[in-house]
Amino acid sequence: MIESLSNPAHIHLLLNHVPTVGFGLGLALFFVAFARRNDDLKRTSLVILFVVAVTAIATYLSGPAAEDRLREVPIVSSTAASPTVITTRWPHGLADGSSVDIQGHVGSTPSLDGQKLATVISPTEFSIPVDVTQGGTGGTLTHAATPYAPGIIPPMIRAHEDAALVAFAFMEITGFLAWLALWHWRRVTDLPGWMLPMVLLLSVVTFGLMARAATLGGEINHQEIRLVQEAAAGAGRVQQISLWVMGTSWVWPTCETLHFIGLSLLFTVVLIVDLRMLGMIKNVSYSAVYQLLPIGMLGFGLNLITGLMFFIGIPAQYTHNKMFYWKIVCVVLGGLNVVYFMLFDEAWAVGPGDDAPTTAKIAAASAIVIWASVLFCGHMLPFIGNAF
Amino acid sequence: MTDFLAYLQQSAFSTWVRESGSLYSFPGILLLHTYGMAIVVGIVAAIDLRILGFAPALPLGPIAKFLPLVWGAFLVNAITGTILLVADASTWLHNWDFGVKMLFIALAVLNQFAIQKRVLGDERLDKGPFSMHAKMLAGASLVCWIGAITAGRLLAYVGGNGLK
């Protein structure tokens, strides 16, 4: 389980049902709440929509890692010989003299993992200049032009990628509005009249888009349900965005600058609200600092959009970067953390001069640690991780 | 002066900052600079936005208690910034954008003094609406800090790059 969760490709396959199923659940509950005019149910469905939107960030960002998995060629065995001959389960696509990266090969002496120079023998055999005394089995190889696994049609992946970005964008907008409705609910019992119907409408649209993205995603690997191959025609918009981000000189620096402004706004609201809970500026009520939360959310939204531009621009820089992995884990935790501050009456009841309850203090201290970690991981992407 | 800067740039410490590859050198110093930026700009921006009318229920008097944190973070950034400057002085001092960044920060600091004296130090604070003058100071503060962040980020892109 732990091993699965530390692999972004597995995370994508584990989490890819959360946006559709979770959103379906939130939506169904929302309809029931409207039909029964039940405010508690409405709030519950808003929370579900928000939490699903937060989780969807990890689902979306783990996508390219799952794609990379489809481009790993499984190794059958290596022979005890010099040079050793490696057999692959399907054609390896190597060119003579190209560099190949072997990972997870077991049983051989010496170990064959790492970068090696390949000499092609047949479409499924090649040798590397290593004197192997005992042959091994298993593992995978990748190289600069690794082919997809047999049966995978790359345009289907592009179609899924395009559909997923649109669905993701709508889901985040819905999640943002659901959060805003929850925030309003606390302050004033009367929400602006358009708000909940708007969330409902967006949820319906998002659910449809998400179902489409999920179907296209499922069809990448489940050939028995591959019915809409025509969807693949004209796919590749995400790749066009990627080329635009990387090929337009002002985009990256502009997004970086906005990312810095966004992080300042978010980090500070976290500091002010959470230090209040921990006992600083005690003469201010929680309901007063609560008014700052949308500024923090604005910073988060700014950073989600600009961060997405970096990710779409050059996903390879982040997909196999452990700092990015931990950053996203912390972002999701931070999203769950804010739910406490939105929902719990014990936090809301903290008036001027009151000491916050212990749970509020724990939530506040965790929020500071979580967001400081997000900043740390983001900063260390090029230094500890392998970006740039 | 140039000789002195060249001496500092060639010192063992500057070389360690630039070239050691240790996480405590360039990456760590820049990390502190980033945390400092978030605290300074963030809290100042929160106060500015409050003056401009956001979060009307939030009294500003108590928020002024965060000012020592702001100035502490500013000091951290002055120190880390100086270290990063000295480590690569020959590059930075020839980059016009570095001058732009310093100008924005100088204006922002002067502006912040005015806000602390005229607005936060006003006896009538939290007892009525903010004056047009206060709002203009708050707007100018936001412009200056956004300008400083923008010029700072663009250092890596314009006018000859130093350490990225």
# chains A, B, ... in the order shown; residues from 1 in each chain; ligands from 1
>>> interface_residues(of="chain B", to="chain A", cutoff="6 Å", atoms="only C-alpha atoms", output="MDAnalysis selection string")
chainID B and resid 38 42:43 55 57:58 62 150 153
>>> write_last_selection(atoms="all heavy atoms", output="short mmCIF file (atom, residue, chain, number, x, y, z; two decimals), in the first residue's frame")
data_model
loop_
_atom_site.label_atom_id
_atom_site.label_comp_id
_atom_site.auth_asym_id
_atom_site.auth_seq_id
_atom_site.Cartn_x
_atom_site.Cartn_y
_atom_site.Cartn_z
N ALA B 38 7.59 36.04 1.60
CA ALA B 38 6.19 35.69 1.83
C ALA B 38 5.66 36.42 3.05
O ALA B 38 4.53 36.93 3.05
CB ALA B 38 6.04 34.18 1.99
N GLY B 42 3.37 39.42 2.24
CA GLY B 42 2.04 38.91 2.59
C GLY B 42 1.37 39.73 3.66
O GLY B 42 0.23 40.18 3.50
N ILE B 43 2.05 39.96 4.78
CA ILE B 43 1.41 40.69 5.88
C ILE B 43 1.17 42.15 5.50
O ILE B 43 0.10 42.71 5.79
CB ILE B 43 2.26 40.56 7.18
CG1 ILE B 43 2.19 39.11 7.66
CG2 ILE B 43 1.75 41.51 8.26
CD1 ILE B 43 3.03 38.80 8.86
N ALA B 55 -12.24 42.59 4.27
CA ALA B 55 -12.35 42.09 5.65
C ALA B 55 -12.68 43.22 6.63
O ALA B 55 -11.94 43.44 7.60
CB ALA B 55 -11.06 41.38 6.06
N ALA B 57 -14.56 43.57 9.13
CA ALA B 57 -14.75 43.28 10.56
C ALA B 57 -13.42 43.11 11.29
O ALA B 57 -13.39 43.02 12.51
CB ALA B 57 -15.59 42.02 10.73
N LEU B 58 -12.32 43.04 10.52
CA LEU B 58 -11.03 42.78 11.14
C LEU B 58 -10.41 44.09 11.63
O LEU B 58 -10.10 44.97 10.84
CB LEU B 58 -10.11 42.12 10.11
CG LEU B 58 -8.73 41.67 10.59
CD1 LEU B 58 -8.86 40.54 11.60
CD2 LEU B 58 -7.89 41.21 9.41
N PRO B 62 -4.87 45.33 16.35
CA PRO B 62 -4.18 44.08 16.74
C PRO B 62 -3.28 43.54 15.64
O PRO B 62 -2.23 42.94 15.92
CB PRO B 62 -5.33 43.11 17.01
CG PRO B 62 -6.53 43.96 17.24
CD PRO B 62 -6.33 45.21 16.44
N THR B 150 8.22 41.34 -9.00
CA THR B 150 8.37 41.16 -10.45
C THR B 150 9.82 41.40 -10.88
O THR B 150 10.42 40.57 -11.55
CB THR B 150 7.43 42.12 -11.21
OG1 THR B 150 6.11 41.95 -10.69
CG2 THR B 150 7.43 41.83 -12.68
N ARG B 153 12.04 38.53 -9.65
CA ARG B 153 11.92 37.28 -10.41
C ARG B 153 12.57 37.42 -11.78
O ARG B 153 13.20 36.49 -12.28
CB ARG B 153 10.44 36.92 -10.51
CG ARG B 153 10.09 35.57 -11.08
CD ARG B 153 10.78 34.43 -10.38
NE ARG B 153 12.03 34.11 -11.02
CZ ARG B 153 12.85 33.13 -10.65
NH1 ARG B 153 12.57 32.35 -9.64
NH2 ARG B 153 13.96 32.91 -11.29
#
>>> select_by_dssp(residues="segment 35-182 of chain A", states="strand (DSSP E)", output="PyMOL selection string")
chain A and resi 73-78+84-88+99-103+114-117+119-122+125-128+140-143
>>> atom_distance(atom1="atom CA of Leu15 of chain A", atom2="atom CA of Ser62 of chain A")
9.1 Å
>>> select_by_dssp(residues="segment 11-106 of chain A", states="alpha helix (DSSP H)", output="PyMOL selection string")
chain A and resi 11-15+23-36+39-61+63-69
>>> residues_around(residues="segment 130-132 of chain B", least_positions_apart="5", cutoff="10 Å", atoms="only C-alpha atoms", output="MDAnalysis selection string")
chainID B and resid 50:53 119 124:125 137:138
>>> write_last_selection(atoms="N, CA, C and O atoms", output="PDB file, in the first residue's frame")
ATOM      1  N   ARG B  50      -6.811  45.419   3.780  1.00  0.00           N
ATOM      2  CA  ARG B  50      -7.756  45.800   4.851  1.00  0.00           C
ATOM      3  C   ARG B  50      -8.073  47.301   4.766  1.00  0.00           C
ATOM      4  O   ARG B  50      -9.233  47.703   4.879  1.00  0.00           O
ATOM      5  N   ILE B  51      -7.033  48.116   4.558  1.00  0.00           N
ATOM      6  CA  ILE B  51      -7.240  49.567   4.437  1.00  0.00           C
ATOM      7  C   ILE B  51      -8.115  49.865   3.219  1.00  0.00           C
ATOM      8  O   ILE B  51      -8.970  50.754   3.243  1.00  0.00           O
ATOM      9  N   LEU B  52      -7.926  49.073   2.153  1.00  0.00           N
ATOM     10  CA  LEU B  52      -8.692  49.312   0.930  1.00  0.00           C
ATOM     11  C   LEU B  52     -10.121  48.775   1.021  1.00  0.00           C
ATOM     12  O   LEU B  52     -10.888  48.904   0.069  1.00  0.00           O
ATOM     13  N   GLY B  53     -10.470  48.142   2.143  1.00  0.00           N
ATOM     14  CA  GLY B  53     -11.878  47.793   2.329  1.00  0.00           C
ATOM     15  C   GLY B  53     -12.199  46.318   2.444  1.00  0.00           C
ATOM     16  O   GLY B  53     -13.343  45.951   2.706  1.00  0.00           O
ATOM     17  N   VAL B 119      -1.254  55.941   9.439  1.00  0.00           N
ATOM     18  CA  VAL B 119      -2.477  55.130   9.480  1.00  0.00           C
ATOM     19  C   VAL B 119      -2.531  54.268  10.738  1.00  0.00           C
ATOM     20  O   VAL B 119      -3.439  54.396  11.557  1.00  0.00           O
ATOM     21  N   ARG B 124      -7.317  57.520  15.729  1.00  0.00           N
ATOM     22  CA  ARG B 124      -8.681  57.195  15.287  1.00  0.00           C
ATOM     23  C   ARG B 124      -8.744  55.848  14.561  1.00  0.00           C
ATOM     24  O   ARG B 124      -9.761  55.507  13.967  1.00  0.00           O
ATOM     25  N   LEU B 125      -7.637  55.072  14.599  1.00  0.00           N
ATOM     26  CA  LEU B 125      -7.601  53.782  13.915  1.00  0.00           C
ATOM     27  C   LEU B 125      -8.737  52.895  14.424  1.00  0.00           C
ATOM     28  O   LEU B 125      -8.976  52.809  15.628  1.00  0.00           O
ATOM     29  N   LEU B 137      -1.943  55.440   0.104  1.00  0.00           N
ATOM     30  CA  LEU B 137      -0.708  54.825   0.612  1.00  0.00           C
ATOM     31  C   LEU B 137      -0.773  53.303   0.478  1.00  0.00           C
ATOM     32  O   LEU B 137       0.200  52.653   0.076  1.00  0.00           O
ATOM     33  N   ALA B 138      -1.947  52.739   0.812  1.00  0.00           N
ATOM     34  CA  ALA B 138      -2.098  51.279   0.739  1.00  0.00           C
ATOM     35  C   ALA B 138      -1.955  50.801  -0.702  1.00  0.00           C
ATOM     36  O   ALA B 138      -1.280  49.798  -0.980  1.00  0.00           O
TER      37      ALA B 138
END
>>> atom_distance(atom1="atom CA of Gly21 of chain B", atom2="atom CA of Leu84 of chain B")
14.4 Å
>>> residues_around(residues="segment 77-90 of chain A", least_positions_apart="3", cutoff="9 Å", atoms="only C-alpha atoms", output="MDAnalysis selection string")
chainID A and resid 73:74 105 108:109 121 123:141 149:150
>>> residues_around(residues="Gly81 of chain B", least_positions_apart="3", cutoff="12 Å", atoms="only C-alpha atoms", output="VMD selection string")
chain B and resid 26 29 to 34 36 to 37 73 to 78 84 to 89 92 98 101 to 102 152
>>> write_last_selection(atoms="C-alpha atoms", output="compact mmCIF listing (two decimals), in the first residue's frame")
# COMPACT_ATOMS: atom_id res chain seq x y z
CA PHE B 26 22.71 28.90 -2.29
CA ILE B 29 19.89 31.04 1.64
CA LEU B 30 17.44 31.56 -1.21
CA LEU B 31 14.83 29.50 0.71
CA LEU B 32 15.13 31.89 3.68
CA HIS B 33 14.83 34.79 1.23
CA THR B 34 11.59 33.27 -0.12
CA GLY B 36 11.07 36.28 4.24
CA MET B 37 9.41 37.59 1.09
CA ALA B 73 11.61 38.96 8.09
CA PHE B 74 12.78 42.11 6.30
CA LEU B 75 16.06 41.92 8.23
CA VAL B 76 16.45 38.25 7.26
CA ASN B 77 15.94 39.24 3.64
CA ALA B 78 18.37 42.14 3.87
CA LEU B 84 23.51 36.54 -2.52
CA LEU B 85 24.52 39.94 -3.92
CA VAL B 86 28.09 39.76 -2.69
CA ALA B 87 28.52 36.16 -3.90
CA ASP B 88 27.94 37.33 -7.45
CA ALA B 89 28.40 41.10 -7.22
CA TRP B 92 24.19 41.79 -10.17
CA PHE B 98 18.67 44.85 -9.90
CA LYS B 101 14.23 46.00 -7.66
CA MET B 102 16.15 48.08 -5.08
CA GLY B 152 13.27 40.22 -8.46
>>> residues_around(residues="Ile241 of chain A", least_positions_apart="4", cutoff="12 Å", atoms="only C-alpha atoms", output="PDB file with all heavy atoms, in the first residue's frame")
ATOM      1  N   GLU A 161      -6.010  13.148 -22.257  1.00  0.00           N
ATOM      2  CA  GLU A 161      -5.299  14.280 -21.653  1.00  0.00           C
ATOM      3  C   GLU A 161      -6.078  15.586 -21.875  1.00  0.00           C
ATOM      4  O   GLU A 161      -6.254  16.391 -20.954  1.00  0.00           O
ATOM      5  CB  GLU A 161      -3.920  14.364 -22.302  1.00  0.00           C
ATOM      6  CG  GLU A 161      -2.962  15.333 -21.690  1.00  0.00           C
ATOM      7  CD  GLU A 161      -1.596  15.243 -22.368  1.00  0.00           C
ATOM      8  OE1 GLU A 161      -1.529  15.308 -23.618  1.00  0.00           O
ATOM      9  OE2 GLU A 161      -0.604  15.098 -21.657  1.00  0.00           O
ATOM     10  N   ASP A 162      -6.556  15.783 -23.106  1.00  0.00           N
ATOM     11  CA  ASP A 162      -7.328  16.995 -23.419  1.00  0.00           C
ATOM     12  C   ASP A 162      -8.618  17.045 -22.601  1.00  0.00           C
ATOM     13  O   ASP A 162      -8.946  18.064 -21.987  1.00  0.00           O
ATOM     14  CB  ASP A 162      -7.689  17.031 -24.910  1.00  0.00           C
ATOM     15  CG  ASP A 162      -6.474  17.302 -25.790  1.00  0.00           C
ATOM     16  OD1 ASP A 162      -5.376  17.502 -25.217  1.00  0.00           O
ATOM     17  OD2 ASP A 162      -6.625  17.317 -27.018  1.00  0.00           O
ATOM     18  N   LEU A 165      -7.994  17.796 -18.911  1.00  0.00           N
ATOM     19  CA  LEU A 165      -7.676  19.186 -18.550  1.00  0.00           C
ATOM     20  C   LEU A 165      -8.949  20.031 -18.468  1.00  0.00           C
ATOM     21  O   LEU A 165      -9.139  20.801 -17.520  1.00  0.00           O
ATOM     22  CB  LEU A 165      -6.700  19.803 -19.555  1.00  0.00           C
ATOM     23  CG  LEU A 165      -6.351  21.270 -19.276  1.00  0.00           C
ATOM     24  CD1 LEU A 165      -5.657  21.422 -17.918  1.00  0.00           C
ATOM     25  CD2 LEU A 165      -5.483  21.863 -20.369  1.00  0.00           C
ATOM     26  N   GLY A 236      -4.787  16.584 -28.824  1.00  0.00           N
ATOM     27  CA  GLY A 236      -3.438  17.122 -28.689  1.00  0.00           C
ATOM     28  C   GLY A 236      -3.417  18.586 -28.291  1.00  0.00           C
ATOM     29  O   GLY A 236      -2.416  19.270 -28.447  1.00  0.00           O
ATOM     30  N   ARG A 237      -4.548  19.095 -27.778  1.00  0.00           N
ATOM     31  CA  ARG A 237      -4.577  20.519 -27.393  1.00  0.00           C
ATOM     32  C   ARG A 237      -3.655  20.800 -26.221  1.00  0.00           C
ATOM     33  O   ARG A 237      -3.019  21.841 -26.166  1.00  0.00           O
ATOM     34  CB  ARG A 237      -6.011  20.941 -27.062  1.00  0.00           C
ATOM     35  CG  ARG A 237      -6.797  21.207 -28.313  1.00  0.00           C
ATOM     36  CD  ARG A 237      -8.115  21.903 -28.043  1.00  0.00           C
ATOM     37  NE  ARG A 237      -8.975  21.677 -29.182  1.00  0.00           N
ATOM     38  CZ  ARG A 237      -9.768  20.626 -29.310  1.00  0.00           C
ATOM     39  NH1 ARG A 237      -9.838  19.753 -28.341  1.00  0.00           N
ATOM     40  NH2 ARG A 237     -10.495  20.467 -30.382  1.00  0.00           N
ATOM     41  N   VAL A 245       3.532  27.411 -23.906  1.00  0.00           N
ATOM     42  CA  VAL A 245       4.180  27.803 -22.644  1.00  0.00           C
ATOM     43  C   VAL A 245       5.700  27.834 -22.817  1.00  0.00           C
ATOM     44  O   VAL A 245       6.370  28.783 -22.415  1.00  0.00           O
ATOM     45  CB  VAL A 245       3.799  26.830 -21.497  1.00  0.00           C
ATOM     46  CG1 VAL A 245       4.662  27.066 -20.265  1.00  0.00           C
ATOM     47  CG2 VAL A 245       2.331  26.973 -21.135  1.00  0.00           C
ATOM     48  N   MET A 246       6.220  26.780 -23.444  1.00  0.00           N
ATOM     49  CA  MET A 246       7.673  26.674 -23.557  1.00  0.00           C
ATOM     50  C   MET A 246       8.231  27.569 -24.672  1.00  0.00           C
ATOM     51  O   MET A 246       9.397  27.939 -24.652  1.00  0.00           O
ATOM     52  CB  MET A 246       8.088  25.219 -23.819  1.00  0.00           C
ATOM     53  CG  MET A 246       7.672  24.262 -22.718  1.00  0.00           C
ATOM     54  SD  MET A 246       8.101  24.829 -21.063  1.00  0.00           S
ATOM     55  CE  MET A 246       9.874  24.568 -21.077  1.00  0.00           C
ATOM     56  N   GLY A 247       7.375  27.896 -25.661  1.00  0.00           N
ATOM     57  CA  GLY A 247       7.883  28.624 -26.811  1.00  0.00           C
ATOM     58  C   GLY A 247       7.634  30.123 -26.775  1.00  0.00           C
ATOM     59  O   GLY A 247       8.053  30.848 -27.672  1.00  0.00           O
ATOM     60  N   THR A 248       6.938  30.608 -25.751  1.00  0.00           N
ATOM     61  CA  THR A 248       6.651  32.039 -25.659  1.00  0.00           C
ATOM     62  C   THR A 248       7.452  32.598 -24.496  1.00  0.00           C
ATOM     63  O   THR A 248       7.265  32.181 -23.359  1.00  0.00           O
ATOM     64  CB  THR A 248       5.140  32.272 -25.417  1.00  0.00           C
ATOM     65  OG1 THR A 248       4.407  31.392 -26.255  1.00  0.00           O
ATOM     66  CG2 THR A 248       4.752  33.710 -25.705  1.00  0.00           C
ATOM     67  N   VAL A 251       5.839  33.878 -20.982  1.00  0.00           N
ATOM     68  CA  VAL A 251       4.878  33.097 -20.201  1.00  0.00           C
ATOM     69  C   VAL A 251       5.482  32.578 -18.894  1.00  0.00           C
ATOM     70  O   VAL A 251       4.934  32.776 -17.808  1.00  0.00           O
ATOM     71  CB  VAL A 251       4.306  31.924 -21.025  1.00  0.00           C
ATOM     72  CG1 VAL A 251       3.413  31.047 -20.155  1.00  0.00           C
ATOM     73  CG2 VAL A 251       3.518  32.451 -22.210  1.00  0.00           C
ATOM     74  N   LEU A 308      -0.073  25.014 -12.820  1.00  0.00           N
ATOM     75  CA  LEU A 308      -0.539  24.128 -13.890  1.00  0.00           C
ATOM     76  C   LEU A 308       0.164  24.459 -15.212  1.00  0.00           C
ATOM     77  O   LEU A 308       0.474  23.570 -16.012  1.00  0.00           O
ATOM     78  CB  LEU A 308      -2.047  24.291 -14.034  1.00  0.00           C
ATOM     79  CG  LEU A 308      -2.823  23.174 -14.721  1.00  0.00           C
ATOM     80  CD1 LEU A 308      -2.566  21.850 -14.022  1.00  0.00           C
ATOM     81  CD2 LEU A 308      -4.305  23.486 -14.727  1.00  0.00           C
ATOM     82  N   MET A 309       0.435  25.748 -15.432  1.00  0.00           N
ATOM     83  CA  MET A 309       1.145  26.158 -16.650  1.00  0.00           C
ATOM     84  C   MET A 309       2.542  25.536 -16.681  1.00  0.00           C
ATOM     85  O   MET A 309       2.980  25.021 -17.712  1.00  0.00           O
ATOM     86  CB  MET A 309       1.281  27.679 -16.715  1.00  0.00           C
ATOM     87  CG  MET A 309      -0.033  28.390 -16.798  1.00  0.00           C
ATOM     88  SD  MET A 309      -0.863  28.031 -18.340  1.00  0.00           S
ATOM     89  CE  MET A 309      -0.726  29.596 -19.109  1.00  0.00           C
ATOM     90  N   PHE A 310       3.244  25.580 -15.518  1.00  0.00           N
ATOM     91  CA  PHE A 310       4.576  24.960 -15.465  1.00  0.00           C
ATOM     92  C   PHE A 310       4.467  23.470 -15.763  1.00  0.00           C
ATOM     93  O   PHE A 310       5.251  22.907 -16.521  1.00  0.00           O
ATOM     94  CB  PHE A 310       5.220  25.118 -14.077  1.00  0.00           C
ATOM     95  CG  PHE A 310       5.341  26.539 -13.607  1.00  0.00           C
ATOM     96  CD1 PHE A 310       5.012  26.890 -12.308  1.00  0.00           C
ATOM     97  CD2 PHE A 310       5.791  27.529 -14.467  1.00  0.00           C
ATOM     98  CE1 PHE A 310       5.130  28.187 -11.868  1.00  0.00           C
ATOM     99  CE2 PHE A 310       5.918  28.833 -14.023  1.00  0.00           C
ATOM    100  CZ  PHE A 310       5.576  29.160 -12.718  1.00  0.00           C
ATOM    101  N   PHE A 311       3.474  22.847 -15.119  1.00  0.00           N
ATOM    102  CA  PHE A 311       3.340  21.392 -15.223  1.00  0.00           C
ATOM    103  C   PHE A 311       3.023  20.976 -16.656  1.00  0.00           C
ATOM    104  O   PHE A 311       3.603  20.024 -17.180  1.00  0.00           O
ATOM    105  CB  PHE A 311       2.250  20.899 -14.267  1.00  0.00           C
ATOM    106  CG  PHE A 311       2.155  19.406 -14.209  1.00  0.00           C
ATOM    107  CD1 PHE A 311       3.021  18.679 -13.400  1.00  0.00           C
ATOM    108  CD2 PHE A 311       1.218  18.721 -14.965  1.00  0.00           C
ATOM    109  CE1 PHE A 311       2.950  17.298 -13.354  1.00  0.00           C
ATOM    110  CE2 PHE A 311       1.141  17.340 -14.920  1.00  0.00           C
ATOM    111  CZ  PHE A 311       2.006  16.629 -14.113  1.00  0.00           C
ATOM    112  N   ILE A 312       2.087  21.697 -17.284  1.00  0.00           N
ATOM    113  CA  ILE A 312       1.738  21.366 -18.671  1.00  0.00           C
ATOM    114  C   ILE A 312       2.921  21.668 -19.585  1.00  0.00           C
ATOM    115  O   ILE A 312       3.191  20.942 -20.537  1.00  0.00           O
ATOM    116  CB  ILE A 312       0.479  22.147 -19.111  1.00  0.00           C
ATOM    117  CG1 ILE A 312      -0.742  21.607 -18.366  1.00  0.00           C
ATOM    118  CG2 ILE A 312       0.253  22.049 -20.618  1.00  0.00           C
ATOM    119  CD1 ILE A 312      -2.011  22.375 -18.634  1.00  0.00           C
ATOM    120  N   GLY A 313       3.650  22.740 -19.273  1.00  0.00           N
ATOM    121  CA  GLY A 313       4.804  23.119 -20.084  1.00  0.00           C
ATOM    122  C   GLY A 313       5.837  22.004 -20.173  1.00  0.00           C
ATOM    123  O   GLY A 313       6.272  21.630 -21.249  1.00  0.00           O
ATOM    124  N   ILE A 314       6.219  21.454 -19.048  1.00  0.00           N
ATOM    125  CA  ILE A 314       7.260  20.429 -19.068  1.00  0.00           C
ATOM    126  C   ILE A 314       7.031  19.414 -17.939  1.00  0.00           C
ATOM    127  O   ILE A 314       7.703  19.436 -16.910  1.00  0.00           O
ATOM    128  CB  ILE A 314       8.669  21.070 -19.062  1.00  0.00           C
ATOM    129  CG1 ILE A 314       9.765  20.016 -19.084  1.00  0.00           C
ATOM    130  CG2 ILE A 314       8.884  22.075 -17.968  1.00  0.00           C
ATOM    131  CD1 ILE A 314      11.115  20.549 -19.510  1.00  0.00           C
TER     132      ILE A 314
END
>>> residues_around(residues="Gly217 of chain A", least_positions_apart="2", cutoff="10 Å", atoms="only C-alpha atoms", output="count of residues only")
20
>>> closest_residue(among="A:Thr142, A:Thr306, A:Thr206, A:Thr55", to="Cys330 of chain A", atoms="only C-alpha atoms")
A:Thr55
>>> atom_distance(atom1="atom CA of Arg43 of chain A", atom2="atom CA of Gly351 of chain A")
23.4 Å
>>> closest_residue(among="B:Ala12, B:Leu155, B:Ile47, B:Cys144", to="Leu103 of chain B", atoms="only C-alpha atoms")
B:Cys144
>>> decode(residues="segment 301-319 of chain A", atoms="N, CA and C atoms", output="PDB file, in the first residue's frame")
ATOM      1  N   GLY A 301      -5.638  29.974  -5.693  1.00  0.00           N
ATOM      2  CA  GLY A 301      -6.157  29.846  -7.060  1.00  0.00           C
ATOM      3  C   GLY A 301      -5.137  30.329  -8.080  1.00  0.00           C
ATOM      4  N   LEU A 302      -4.511  31.474  -7.773  1.00  0.00           N
ATOM      5  CA  LEU A 302      -3.478  32.030  -8.648  1.00  0.00           C
ATOM      6  C   LEU A 302      -2.356  31.009  -8.841  1.00  0.00           C
ATOM      7  N   ASN A 303      -1.972  30.355  -7.742  1.00  0.00           N
ATOM      8  CA  ASN A 303      -0.859  29.417  -7.815  1.00  0.00           C
ATOM      9  C   ASN A 303      -1.240  28.099  -8.463  1.00  0.00           C
ATOM     10  N   LEU A 304      -2.513  27.721  -8.327  1.00  0.00           N
ATOM     11  CA  LEU A 304      -2.962  26.507  -9.002  1.00  0.00           C
ATOM     12  C   LEU A 304      -2.885  26.718 -10.514  1.00  0.00           C
ATOM     13  N   ILE A 305      -3.357  27.891 -10.971  1.00  0.00           N
ATOM     14  CA  ILE A 305      -3.357  28.171 -12.412  1.00  0.00           C
ATOM     15  C   ILE A 305      -1.924  28.283 -12.939  1.00  0.00           C
ATOM     16  N   THR A 306      -1.092  29.092 -12.260  1.00  0.00           N
ATOM     17  CA  THR A 306       0.271  29.282 -12.763  1.00  0.00           C
ATOM     18  C   THR A 306       1.080  27.989 -12.633  1.00  0.00           C
ATOM     19  N   GLY A 307       0.851  27.253 -11.522  1.00  0.00           N
ATOM     20  CA  GLY A 307       1.557  25.987 -11.344  1.00  0.00           C
ATOM     21  C   GLY A 307       1.205  25.000 -12.443  1.00  0.00           C
ATOM     22  N   LEU A 308      -0.073  25.014 -12.820  1.00  0.00           N
ATOM     23  CA  LEU A 308      -0.539  24.128 -13.890  1.00  0.00           C
ATOM     24  C   LEU A 308       0.164  24.459 -15.212  1.00  0.00           C
ATOM     25  N   MET A 309       0.435  25.748 -15.432  1.00  0.00           N
ATOM     26  CA  MET A 309       1.145  26.158 -16.650  1.00  0.00           C
ATOM     27  C   MET A 309       2.542  25.536 -16.681  1.00  0.00           C
ATOM     28  N   PHE A 310       3.244  25.580 -15.518  1.00  0.00           N
ATOM     29  CA  PHE A 310       4.576  24.960 -15.465  1.00  0.00           C
ATOM     30  C   PHE A 310       4.467  23.470 -15.763  1.00  0.00           C
ATOM     31  N   PHE A 311       3.474  22.847 -15.119  1.00  0.00           N
ATOM     32  CA  PHE A 311       3.340  21.392 -15.223  1.00  0.00           C
ATOM     33  C   PHE A 311       3.023  20.976 -16.656  1.00  0.00           C
ATOM     34  N   ILE A 312       2.087  21.697 -17.284  1.00  0.00           N
ATOM     35  CA  ILE A 312       1.738  21.366 -18.671  1.00  0.00           C
ATOM     36  C   ILE A 312       2.921  21.668 -19.585  1.00  0.00           C
ATOM     37  N   GLY A 313       3.650  22.740 -19.273  1.00  0.00           N
ATOM     38  CA  GLY A 313       4.804  23.119 -20.084  1.00  0.00           C
ATOM     39  C   GLY A 313       5.837  22.004 -20.173  1.00  0.00           C
ATOM     40  N   ILE A 314       6.219  21.454 -19.048  1.00  0.00           N
ATOM     41  CA  ILE A 314       7.260  20.429 -19.068  1.00  0.00           C
ATOM     42  C   ILE A 314       7.031  19.414 -17.939  1.00  0.00           C
ATOM     43  N   PRO A 315       6.033  18.529 -18.134  1.00  0.00           N
ATOM     44  CA  PRO A 315       5.651  17.590 -17.067  1.00  0.00           C
ATOM     45  C   PRO A 315       6.808  16.701 -16.610  1.00  0.00           C
ATOM     46  N   ALA A 316       7.723  16.360 -17.538  1.00  0.00           N
ATOM     47  CA  ALA A 316       8.797  15.425 -17.177  1.00  0.00           C
ATOM     48  C   ALA A 316       9.632  15.959 -16.019  1.00  0.00           C
ATOM     49  N   GLN A 317       9.647  17.300 -15.879  1.00  0.00           N
ATOM     50  CA  GLN A 317      10.444  17.901 -14.831  1.00  0.00           C
ATOM     51  C   GLN A 317       9.866  17.626 -13.435  1.00  0.00           C
ATOM     52  N   TYR A 318       8.562  17.360 -13.392  1.00  0.00           N
ATOM     53  CA  TYR A 318       7.882  17.201 -12.106  1.00  0.00           C
ATOM     54  C   TYR A 318       7.456  15.772 -11.819  1.00  0.00           C
ATOM     55  N   THR A 319       7.155  15.033 -12.902  1.00  0.00           N
ATOM     56  CA  THR A 319       6.573  13.703 -12.754  1.00  0.00           C
ATOM     57  C   THR A 319       7.442  12.769 -11.908  1.00  0.00           C
TER      58      THR A 319
END
